[in-house]
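Trainee: Okay, so here is start-v5.txt, and as you'll see once you scroll down, it has compact mmCIF, C-alpha atoms.
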```
# COMPACT_ATOMS: atom_id res chain seq x y z
CA MET A 179 0.00 0.00 0.00
CA THR A 180 1.40 3.40 -0.95
CA GLY A 181 0.01 5.40 1.95
CA LYS A 182 -2.20 7.42 -0.41
CA THR A 183 -5.80 8.07 0.47
CA MET A 184 -8.41 6.47 -1.74
CA ARG A 185 -9.20 9.93 -3.14
CA GLU A 186 -5.52 10.45 -4.03
CA ARG A 187 -5.49 7.03 -5.70
CA MET A 188 -8.64 7.91 -7.69
CA LEU A 189 -7.19 11.23 -8.85
CA ALA A 190 -3.98 9.44 -9.90
CA GLY A 191 -5.94 6.96 -12.04
CA GLU A 192 -5.10 4.02 -9.78
CA LEU A 193 -7.37 1.34 -8.41
CA TYR A 194 -9.25 2.64 -5.39
CA ILE A 195 -12.30 1.94 -3.23
CA ALA A 196 -14.85 4.75 -3.11
CA ASP A 197 -15.13 4.69 0.69
CA ASP A 198 -12.88 7.73 1.24
CA PRO A 199 -14.57 10.30 3.51
CA GLN A 200 -13.44 13.17 1.27
CA LEU A 201 -14.93 11.41 -1.77
CA GLY A 202 -18.18 11.15 0.17
CA LEU A 203 -18.11 14.90 0.78
CA ASP A 204 -17.20 15.59 -2.86
CA ASP A 205 -20.06 13.39 -4.04
CA ALA A 206 -22.54 15.08 -1.68
CA ARG A 207 -21.42 18.50 -2.96
CA ALA A 208 -21.96 17.44 -6.58
CA GLN A 209 -25.38 15.95 -5.80
CA ARG A 210 -26.50 19.14 -3.99
CA LEU A 211 -25.34 21.36 -6.84
CA THR A 212 -26.81 19.18 -9.61
CA HIS A 213 -30.09 19.05 -7.70
CA ARG A 214 -30.13 22.86 -7.60
CA ILE A 215 -29.18 23.06 -11.30
CA ASN A 216 -31.88 20.58 -12.24
CA THR A 217 -34.60 22.34 -10.21
CA THR A 218 -33.75 25.98 -10.98
CA ASP A 219 -36.06 27.84 -13.36
CA PRO A 220 -34.56 26.97 -16.76
CA THR A 221 -35.07 30.57 -17.93
CA ASP A 222 -32.88 31.89 -15.08
CA GLY A 223 -29.64 31.84 -17.04
CA ALA A 224 -27.64 33.80 -14.47
CA THR A 225 -28.37 31.34 -11.66
CA GLN A 226 -27.77 28.33 -13.93
CA ARG A 227 -24.39 29.78 -15.01
CA ALA A 228 -23.37 30.52 -11.41
CA LEU A 229 -24.25 26.99 -10.28
CA LEU A 230 -22.49 25.35 -13.25
CA THR A 231 -19.42 27.52 -12.67
CA GLU A 232 -19.37 26.42 -9.02
CA LEU A 233 -19.90 22.73 -9.89
CA LEU A 234 -17.55 22.22 -12.83
CA GLY A 235 -13.78 22.42 -13.08
CA GLY A 236 -14.31 24.96 -15.87
CA TYR A 237 -17.35 26.36 -17.69
CA GLY A 238 -16.57 28.40 -20.77
CA GLU A 239 -18.06 31.70 -21.84
CA GLY A 240 -21.17 31.45 -23.99
CA SER A 241 -21.76 27.79 -23.10
CA LEU A 242 -25.06 26.19 -22.14
CA ILE A 243 -25.92 22.89 -20.46
CA ARG A 244 -29.65 22.17 -20.43
CA PRO A 245 -30.80 20.30 -17.31
CA PRO A 246 -31.04 17.64 -16.18
CA LEU A 247 -27.33 17.09 -15.65
CA ARG A 248 -25.75 14.28 -13.64
CA CYS A 249 -22.13 13.92 -12.55
CA ASP A 250 -20.10 12.19 -9.88
CA TYR A 251 -17.89 15.06 -8.75
CA GLY A 252 -18.20 17.98 -11.18
CA TYR A 253 -14.73 19.40 -10.55
CA GLN A 254 -13.32 16.67 -12.82
CA THR A 255 -15.27 18.04 -15.84
CA THR A 256 -14.29 21.09 -17.89
CA PHE A 257 -16.69 22.46 -20.50
CA GLY A 258 -15.24 24.73 -23.19
CA ALA A 259 -16.43 28.05 -24.57
CA ARG A 260 -19.52 28.28 -26.78
CA SER A 261 -20.32 24.60 -26.21
CA PHE A 262 -23.83 23.21 -25.80
CA ALA A 263 -25.24 20.11 -24.13
CA ASN A 264 -28.88 19.21 -24.59
CA PHE A 265 -31.07 17.56 -21.94
CA GLY A 266 -29.79 14.62 -19.93
CA LEU A 267 -25.99 14.81 -20.07
CA ILE A 268 -24.30 12.28 -17.76
CA CYS A 269 -20.68 12.96 -16.81
CA ASN A 270 -19.35 9.97 -14.90
CA ASP A 271 -16.32 12.10 -14.01
CA VAL A 272 -14.30 9.84 -11.74
CA ALA A 273 -11.43 10.68 -14.11
CA THR A 274 -11.22 13.99 -15.95
CA ILE A 275 -13.62 14.82 -18.76
CA THR A 276 -12.38 17.61 -21.02
CA ILE A 277 -14.92 19.06 -23.45
CA GLY A 278 -13.47 21.51 -25.97
CA ASP A 279 -14.81 24.73 -27.46
CA ASP A 280 -17.79 24.86 -29.84
CA VAL A 281 -18.87 21.29 -29.00
CA GLN A 282 -22.47 20.20 -29.62
CA ILE A 283 -23.81 17.40 -27.40
CA GLY A 284 -27.19 15.84 -28.15
CA PRO A 285 -29.74 14.72 -25.56
CA GLY A 286 -29.03 11.69 -23.40
CA VAL A 287 -25.27 11.56 -23.99
CA GLN A 288 -23.17 9.59 -21.49
CA LEU A 289 -19.47 10.29 -20.86
CA LEU A 290 -18.30 7.32 -18.77
CA THR A 291 -14.82 7.28 -17.24
CA SER A 292 -15.26 4.52 -14.64
CA THR A 293 -13.77 1.06 -15.06
CA HIS A 294 -14.00 -2.03 -12.89
CA PRO A 295 -11.74 -5.10 -12.69
CA LEU A 296 -12.68 -7.98 -14.96
CA GLU A 297 -11.65 -10.44 -12.26
CA PRO A 298 -14.57 -11.23 -9.93
CA GLY A 299 -12.65 -11.04 -6.63
CA PRO A 300 -11.39 -7.44 -6.86
CA ARG A 301 -14.73 -6.36 -8.37
CA ARG A 302 -16.61 -7.99 -5.46
CA ASP A 303 -14.23 -6.16 -3.09
CA LYS A 304 -15.41 -2.88 -4.74
CA TRP A 305 -12.12 -1.86 -6.40
CA GLU A 306 -12.53 0.49 -9.35
CA ALA A 307 -10.54 2.94 -11.45
CA ALA A 308 -11.15 5.42 -14.26
CA LYS A 309 -9.63 6.69 -17.49
CA PRO A 310 -9.99 10.27 -18.81
CA ILE A 311 -12.17 11.32 -21.75
CA VAL A 312 -11.22 14.16 -24.12
CA ILE A 313 -13.70 15.69 -26.58
CA GLY A 314 -11.94 17.99 -29.07
CA ASP A 315 -13.08 21.37 -30.35
CA ASN A 316 -16.10 21.55 -32.67
CA VAL A 317 -17.14 17.92 -32.08
CA TRP A 318 -20.80 16.95 -32.47
CA LEU A 319 -22.06 14.02 -30.40
CA GLY A 320 -25.53 12.96 -31.57
CA GLY A 321 -28.31 12.03 -29.16
CA GLY A 322 -27.72 8.98 -27.01
CA VAL A 323 -24.00 8.65 -27.76
CA ILE A 324 -21.98 6.77 -25.15
CA VAL A 325 -18.26 7.57 -24.83
CA CYS A 326 -16.33 4.88 -22.92
CA PRO A 327 -13.35 5.27 -20.55
CA GLY A 328 -10.06 6.49 -21.96
CA VAL A 329 -11.44 7.73 -25.29
CA THR A 330 -10.23 10.86 -27.11
CA ILE A 331 -12.33 12.27 -29.95
CA GLY A 332 -10.45 14.58 -32.31
CA ALA A 333 -11.55 18.07 -33.34
CA ASP A 334 -14.30 18.50 -35.96
CA THR A 335 -15.47 14.88 -35.64
CA VAL A 336 -19.15 13.90 -35.71
CA VAL A 337 -20.44 10.84 -33.84
CA GLY A 338 -23.86 9.63 -35.02
CA ALA A 339 -26.81 9.26 -32.66
CA GLY A 340 -26.81 6.11 -30.55
CA SER A 341 -23.17 5.26 -31.25
CA VAL A 342 -20.91 3.70 -28.63
CA VAL A 343 -17.35 5.02 -28.81
CA VAL A 344 -14.95 2.44 -27.38
CA ARG A 345 -11.66 3.67 -28.92
CA ASP A 346 -10.11 6.97 -29.99
CA LEU A 347 -11.44 8.76 -33.07
CA PRO A 348 -9.20 11.06 -35.12
CA ALA A 349 -10.06 14.62 -36.12
CA GLY A 350 -12.47 15.31 -38.95
CA VAL A 351 -14.37 12.05 -39.34
CA LEU A 352 -17.94 10.78 -39.18
CA ALA A 353 -18.27 7.70 -36.95
CA VAL A 354 -21.42 5.67 -36.32
CA GLY A 355 -22.52 2.39 -34.78
CA ASN A 356 -21.79 0.08 -31.89
CA PRO A 357 -18.87 0.06 -31.66
CA ALA A 358 -18.47 3.37 -33.49
CA ARG A 359 -16.65 3.00 -36.80
CA ILE A 360 -15.38 5.68 -39.14
CA VAL A 361 -17.60 5.82 -42.22
CA ARG A 362 -16.03 8.81 -43.92
CA HIS A 363 -13.65 11.73 -43.59
CA LEU A 364 -15.22 15.18 -43.38
CA ASP A 365 -14.34 18.16 -45.54
CA ALA A 366 -12.55 20.78 -43.43
CA GLY A 367 -14.09 23.59 -45.56
CA ARG A 368 -16.74 25.90 -44.23
```
As structure tokens - that is how I would like this structure written.
Mentor:
Amino acid sequence: MTGKTMRERMLAGELYIADDPQLGLDDARAQRLTHRINTTDPTDGATQRALLTELLGGYGEGSLIRPPLRCDYGYQTTFGARSFANFGLICNDVATITIGDDVQIGPGVQLLTSTHPLEPGPRRDKWEAAKPIVIGDNVWLGGGVIVCPGVTIGADTVVGAGSVVVRDLPAGVLAVGNPARIVRHLDAGR
């Protein structure tokens, strides 16, 4: 054992057990803030922005996240400038989730960083870990897309509705399906 707390292990991307008292406080903070976000008058943009700025690790200028929003910790997620997320975004942000500028996220998208051991013993003992997700600038994630742990999606890429992204996608492609596969390269022109 390294002497690290379980929270320190989680933040380092190592196996950990989510019984750390600080993780409990962090989770409670995120649940309180997301509850307030999800129950605030949706036309009260100033309050929504203030709550999202308090919750997230970064919330860019001109961005909008439409409630409901769910996350584990909030501070592990950064949301770039002029980006938009439609209803029902889930940020399982045990590891960092970095969302670039000018990103469009459809309804019901899930960004899932958590992993669990394949071996039954450690899984039964509640060990888990996480791998970061990176969404590049000007990406469009269609409704219902699921992005799995450790995935990076390059700038200007489009992921079709309902796709499950299990491995990295380069910049400037259209990917669809389960698992998501590149079906064509996109013209960089405007």
Trainee: Rounded to one decimal place, report the atom CA of His294 of chain A-atom CA of Ala308 of chain A distance in Å.
Mentor: 8.1 Å
Trainee: Quick one, how far is atom CA of Arg362 of chain A from atom CA of Gly320 of chain A?
Mentor: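 Distance between the two atoms: 16.1 Å.
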Trainee: Using only C-alpha atoms, pick whichever of A:Thr217, A:Asn270, A:Asn264, A:Thr335 has the shortest atom-to-atom distance to Val361 of chain A.
Mentor: A:Thr335
Trainee: Report as a tab-separated table the residues of segment 286-326 of chain A within 10 Å of segment 241-262 of chain A, each with its shortest atom pair and distance in Å (one decimal), using all atoms listed in the file, ordered by chain and increasing residue number.
Mentor:
```
residue	atom	partner	partner_atom	distance
A:Gly286	CA	A:Pro246	CA	9.6
A:Gln288	CA	A:Arg248	CA	9.5
A:Leu289	CA	A:Cys249	CA	9.5
A:Leu290	CA	A:Cys249	CA	9.8
A:Pro310	CA	A:Gln254	CA	9.4
A:Ile311	CA	A:Thr255	CA	9.5
A:Val312	CA	A:Thr256	CA	9.8
A:Ile313	CA	A:Phe257	CA	9.6
A:Gly314	CA	A:Gly258	CA	9.5
A:Asp315	CA	A:Gly258	CA	8.2
A:Asn316	CA	A:Ser261	CA	8.3
A:Val317	CA	A:Ser261	CA	9.4
A:Trp318	CA	A:Phe262	CA	9.6
```
Trainee: Take the selection from the previous step and output its residues with C-alpha atoms, as a tab-separated table (two decimals), in the frame of the given file.
Mentor:
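The resulting file, part_3.tsv, is shown below:
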```tsv
chain	number	residue	atom	x	y	z
A	286	GLY	CA	-29.03	11.69	-23.40
A	288	GLN	CA	-23.17	9.59	-21.49
A	289	LEU	CA	-19.47	10.29	-20.86
A	290	LEU	CA	-18.30	7.32	-18.77
A	310	PRO	CA	-9.99	10.27	-18.81
A	311	ILE	CA	-12.17	11.32	-21.75
A	312	VAL	CA	-11.22	14.16	-24.12
A	313	ILE	CA	-13.70	15.69	-26.58
A	314	GLY	CA	-11.94	17.99	-29.07
A	315	ASP	CA	-13.08	21.37	-30.35
A	316	ASN	CA	-16.10	21.55	-32.67
A	317	VAL	CA	-17.14	17.92	-32.08
A	318	TRP	CA	-20.80	16.95	-32.47
```
Trainee: Rounded to one decimal, what separation in Å do you get between atom CA of Ala366 of chain A and atom CA of Gly350 of chain A?
Mentor: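 Between these atoms lies a distance of 7.1 Å.
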Trainee: Excluding Met188 of chain A and any residue of its chain fewer than 5 positions from it, enumerate the residues within 9 Å of it, using all atoms listed in the file, and give them as a list in words.
Mentor: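 Neighbouring residues, sequence-local ones excluded: Thr183, Leu193, Tyr194, Ile195, Ala196, Val272, Ala273, Glu306, Ala307 and Ala308 of chain A.
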Trainee: Using all atoms listed in the file, list the residues that have an atom at most 10 Å from (-31.3, 10.4, -35.3), coordinates as in the file, as a PyMOL selection string.
Mentor: chain A and resi 284+320-322+338-340
Trainee: Write the residues of the preceding selection, restricted to C-alpha atoms, as a PDB file, in the coordinates of the input.
Mentor:
```pdb
ATOM      1  CA  GLY A 284     -27.190  15.840 -28.150  1.00  0.00           C
ATOM      2  CA  GLY A 320     -25.530  12.960 -31.570  1.00  0.00           C
ATOM      3  CA  GLY A 321     -28.310  12.030 -29.160  1.00  0.00           C
ATOM      4  CA  GLY A 322     -27.720   8.980 -27.010  1.00  0.00           C
ATOM      5  CA  GLY A 338     -23.860   9.630 -35.020  1.00  0.00           C
ATOM      6  CA  ALA A 339     -26.810   9.260 -32.660  1.00  0.00           C
ATOM      7  CA  GLY A 340     -26.810   6.110 -30.550  1.00  0.00           C
TER       8      GLY A 340
END
```
Trainee: Choose the residue, out of A:Asp198, A:Asp271, A:Asp219, A:Asp205, that has the smallest atom-to-atom separation from Glu186 of chain A; count only C-alpha atoms.
Mentor: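 Using only C-alpha atoms, the shortest distance to Glu186 of chain A belongs to A:Asp198.
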Trainee: Counting all atoms listed in the file, which of A:Ala263, A:Leu234, A:Val287, A:Leu189 gets nearest to Leu211 of chain A?
Mentor: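 For Leu211 of chain A, the nearest of the candidates is A:Leu234.
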Trainee: Measuring between all atoms listed in the file, which one of A:Ala358, A:Ala190, A:Val342, A:Ala333 shows the shortest distance to Asp279 of chain A?
Mentor: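 Counting all atoms listed in the file, the residue closest to Asp279 of chain A is A:Ala333.
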Trainee: With only C-alpha atoms as the atoms that count, which of A:Ile268, A:Val325, A:Ile331, A:Val336 lies nearest to Gln282 of chain A?
Mentor: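 Smallest separation from Gln282 of chain A among the options: A:Val336.
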Trainee: Find the residue from A:Thr231, A:Thr225, A:Gln209, A:Ser292 that sits nearest to Val329 of chain A; use all atoms listed in the file when measuring.
Mentor: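 Closest candidate: A:Ser292.
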Trainee: Produce the centre coordinates and the three edge lengths, each in Å to one decimal, of the box along x, y and z that contains all listed atoms of segment 302-307 of chain A with 8 Å added on each side, as lines of an AutoDock Vina configuration file.
Mentor:
```
center_x = -13.6
center_y = -2.5
center_z = -7.3
size_x = 22.1
size_y = 26.9
size_z = 24.4
```
Trainee: Name the residues in contact with Lys309 of chain A at a cut-off of 8 Å, using only C-alpha atoms, excluding same-chain residues fewer than 3 positions from it; report them as number ranges by chain.
Mentor: A: 191, 273-274, 291-293, 327-328
